[in-house]
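Listing of target-v4.cif; format and content: mmCIF, C-alpha atoms.
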```cif
data_structure
loop_
_atom_site.label_atom_id
_atom_site.label_comp_id
_atom_site.auth_asym_id
_atom_site.auth_seq_id
_atom_site.Cartn_x
_atom_site.Cartn_y
_atom_site.Cartn_z
CA MET A 591 107.52 81.60 141.26
CA ARG A 592 104.79 84.21 141.11
CA ILE A 593 103.49 85.49 137.80
CA THR A 594 102.36 89.02 137.10
CA ALA A 595 98.79 89.99 136.30
CA ALA A 596 99.82 90.60 132.70
CA GLN A 597 101.33 87.10 132.44
CA ARG A 598 98.21 85.58 134.00
CA ALA A 599 95.98 87.45 131.51
CA GLU A 600 98.21 86.31 128.64
CA ASN A 601 98.05 82.71 129.89
CA GLU A 602 94.24 82.90 130.22
CA ASN A 603 93.94 84.26 126.66
CA ARG A 604 96.19 81.48 125.38
CA ILE A 605 94.17 78.86 127.33
CA ARG A 606 90.88 80.22 125.95
CA THR A 607 92.27 80.17 122.42
CA VAL A 608 93.38 76.55 122.79
CA MET A 609 90.06 75.69 124.48
CA ASP A 610 88.10 77.07 121.52
CA ARG A 611 90.33 75.18 119.09
CA LEU A 612 89.90 71.87 120.96
CA LEU A 613 86.13 72.31 121.25
CA ARG A 614 85.95 72.92 117.47
CA GLY A 615 87.53 69.50 117.00
CA GLU A 616 91.02 70.68 116.07
CA ILE A 617 92.79 68.04 118.11
CA PRO A 618 96.60 67.83 117.79
CA PRO A 619 98.15 64.49 116.81
CA GLY A 620 98.37 62.25 119.86
CA GLY A 621 96.09 64.56 121.85
CA ARG A 622 92.52 64.42 123.01
CA CYS A 623 89.84 66.90 123.93
CA ASP A 624 90.83 67.00 127.62
CA ILE A 625 92.57 69.08 130.27
CA LYS A 626 95.94 67.43 129.71
CA THR A 627 95.99 68.40 126.03
CA LEU A 628 94.63 71.85 126.89
CA ALA A 629 97.49 72.42 129.33
CA ILE A 630 100.15 71.11 126.94
CA GLU A 631 98.90 73.15 123.99
CA ALA A 632 98.56 76.33 126.09
CA GLY A 633 102.00 75.84 127.63
CA VAL A 634 100.66 75.84 131.19
CA ASP A 635 101.31 73.36 133.98
CA ARG A 636 98.35 70.98 134.23
CA THR A 637 98.21 71.25 138.02
CA ALA A 638 97.25 74.93 137.61
CA PHE A 639 93.78 73.75 136.56
CA TYR A 640 92.91 71.91 139.79
CA GLY A 641 91.87 72.82 143.32
CA THR A 642 92.31 76.48 144.22
CA ARG A 643 94.94 77.02 141.55
CA PRO A 644 94.76 80.06 139.27
CA TYR A 645 93.08 78.39 136.25
CA SER A 646 90.57 76.09 137.94
CA HIS A 647 87.73 78.32 136.72
CA LEU A 648 88.93 77.75 133.14
CA ARG A 649 88.94 73.96 133.70
CA GLU A 650 85.34 74.19 134.93
CA GLU A 651 84.40 76.32 131.92
CA PHE A 652 86.10 73.85 129.56
CA GLU A 653 84.36 70.85 131.13
CA ARG A 654 81.00 72.65 131.10
CA ARG A 655 81.33 73.60 127.42
CA LEU A 656 82.53 70.11 126.52
CA GLN A 657 79.59 68.53 128.33
CA ALA A 658 77.14 70.91 126.61
CA LEU A 659 78.53 69.93 123.20
CA GLN A 660 78.29 66.24 124.05
CA GLN A 661 74.68 66.62 125.22
CA ALA A 662 73.89 68.42 121.97
CA GLY A 663 75.18 65.35 120.12
CA GLU A 664 78.34 66.94 118.79
CA VAL A 665 81.55 64.97 118.98
CA THR A 666 84.52 67.27 119.45
CA ASP A 667 87.15 64.55 119.37
CA PRO A 668 87.30 62.90 115.93
CA ARG A 669 88.93 59.84 117.49
CA GLU A 670 85.91 59.37 119.75
CA ALA A 671 83.65 59.59 116.71
CA GLN A 672 85.81 57.05 114.90
CA ILE A 673 85.76 54.72 117.90
CA ALA A 674 81.96 54.97 118.11
CA ARG A 675 81.64 54.34 114.35
CA LEU A 676 83.99 51.35 114.49
CA LYS A 677 82.16 49.87 117.49
CA ALA A 678 78.87 50.14 115.61
CA GLU A 679 80.48 48.55 112.55
CA VAL A 680 81.90 45.68 114.64
CA THR A 681 78.46 45.08 116.16
CA ALA A 682 76.84 45.04 112.71
CA LEU A 683 79.50 42.65 111.39
CA LYS A 684 79.07 40.33 114.36
CA GLU A 685 75.31 40.22 113.71
CA ARG A 686 75.92 39.58 110.01
CA LEU A 687 78.37 36.81 110.85
CA ALA A 688 75.87 35.20 113.23
CA ARG A 689 73.19 35.29 110.50
CA SER A 690 75.64 33.79 108.00
CA VAL A 691 76.59 31.00 110.38
CA GLY A 692 72.88 30.28 110.95
CA THR A 693 72.25 30.17 107.20
CA ILE A 694 75.23 27.88 106.65
CA ASP A 695 74.00 25.55 109.39
CA GLU A 696 70.51 25.45 107.83
CA LEU A 697 71.91 24.74 104.37
CA THR A 698 74.22 22.05 105.72
CA ASP A 699 71.25 20.36 107.42
CA PHE A 700 69.22 20.64 104.20
CA ARG A 701 72.07 19.11 102.17
CA THR A 702 72.42 16.24 104.65
CA GLN A 703 68.68 15.55 104.52
CA ALA A 704 68.62 15.76 100.71
CA LEU A 705 71.52 13.32 100.40
CA ALA A 706 69.85 10.94 102.86
CA ARG A 707 66.61 11.08 100.86
CA LEU A 708 68.44 10.49 97.59
CA ALA A 709 70.24 7.51 99.10
CA ALA A 710 66.95 6.10 100.42
CA GLN A 711 65.30 6.59 97.01
CA HIS A 712 68.25 4.92 95.28
CA ASP A 713 68.01 1.96 97.66
CA GLU A 714 64.27 1.74 96.97
CA ILE A 715 64.87 1.77 93.21
CA ILE A 716 67.47 -0.97 93.51
CA ARG A 717 65.08 -3.03 95.69
CA LEU A 718 62.21 -2.53 93.22
CA ARG A 719 64.41 -3.53 90.27
CA GLY A 720 65.42 -6.66 92.14
CA THR A 721 61.76 -7.44 92.82
CA ALA A 722 60.85 -6.82 89.18
CA ASP A 723 63.61 -9.13 87.94
CA ALA A 724 62.42 -11.82 90.30
CA ALA A 725 58.84 -11.66 89.03
CA SER A 726 58.66 -13.39 85.63
CA ARG A 727 55.38 -11.73 84.67
CA VAL A 728 56.98 -8.33 84.28
CA THR A 729 58.35 -7.66 80.82
CA ARG A 730 61.13 -5.20 80.36
CA LEU A 731 60.60 -2.48 77.80
CA PRO A 732 63.21 -2.11 75.13
CA THR A 733 65.77 0.61 75.57
CA ALA A 734 65.55 3.89 73.67
CA ARG A 735 68.04 2.69 71.01
CA GLY A 736 65.80 -0.09 69.86
CA ILE A 737 62.55 1.91 69.64
CA THR A 738 61.36 3.52 66.47
CA THR A 739 59.19 6.52 66.95
CA ILE A 740 55.61 6.44 65.78
CA GLY A 741 54.98 8.36 62.60
CA SER A 742 58.58 8.45 61.50
CA CYS A 743 59.36 7.62 57.94
CA SER A 744 62.03 5.00 57.60
#
```

What would the structure in this file look like if it were written as structure tokens?
Amino acid sequence: MRITAAQRAENENRIRTVMDRLLRGEIPPGGRCDIKTLAIEAGVDRTAFYGTRPYSHLREEFERRLQALQQAGEVTDPREAQIARLKAEVTALKERLARSVGTIDELTDFRTQALARLAAQHDEIIRLRGTADAASRVTRLPTARGITTIGSCS
């Protein structure tokens, strides 16, 4: 079915209005900043934007403006910004987790070495006590309960 020039002008105005809204970041729920959403929101068949169809020049304009905004560093689709932010956050968390695992491994190794050293020192003390008991020339000192301190008045 053919449309009149007035209908085409009305459709183009509606498409441009929706295009401006999408490029400002006013994305409808479930939509994106793309031709499909543009067509749905403007109430125009999406195929009218491709090939030699009547609104292909508007698709080219939309894509050109969208690309210019992206090159300028602006994100028109809040979902895309959220995805980029979440990806960066996931990367940072993975790095933090890797550092934490490394620290835990280092501390586990340190604990194992410390326990091994304590066990070796305990064994050495036990061996030295056994040697001291075997040698009759070594006299054991009295324990702390039996010692009176020097200079105390009793």

**Report entry** Explicit residue set for the PyMOL selection byres ((chain A and resi 658-673) around 10), as a PyMOL selection string
**Finding:** chain A and resi 611-617+621-624+652-657+674-679

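When all atoms listed in the file are used to measure the gap to Pro644 of chain A, the shortest distance among A:Thr681, A:Arg735, A:Arg598, A:Ala629 belongs to A:Arg598.
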
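If only C-alpha atoms are the atoms counted, then among A:Ala722, A:Arg686, A:Tyr645, A:Thr702 the closest residue to Ala599 of chain A is A:Tyr645.
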
Size and centre in Å, one decimal, axis-aligned box, all listed segment 632-644 of chain A atoms plus 4 Å per side, as AutoDock Vina command-line options:
```
--center_x 96.9 --center_y 75.5 --center_z 135.2 --size_x 18.1 --size_y 17.1 --size_z 26.1
```

Query raised in the report: Just how far from atom CA of His712 of chain A is atom CA of Pro732 of chain A, in Å to one decimal?
Result: 21.9 Å

Requested in this report: Take atom CA of Gln597 of chain A and atom CA of Tyr640 of chain A and report the distance between them in Å, one decimal.
Outcome: 18.9 Å

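The two atoms in question, atom CA of Glu600 of chain A and atom CA of Arg636 of chain A, are spaced 16.3 Å apart.
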
Query - Chain and number of each residue from the PyMOL selection byres ((chain A and resi 638) around 12), as a PyMOL selection string - result: chain A and resi 598+601-602+605+625-626+628-630+632-637+639-649
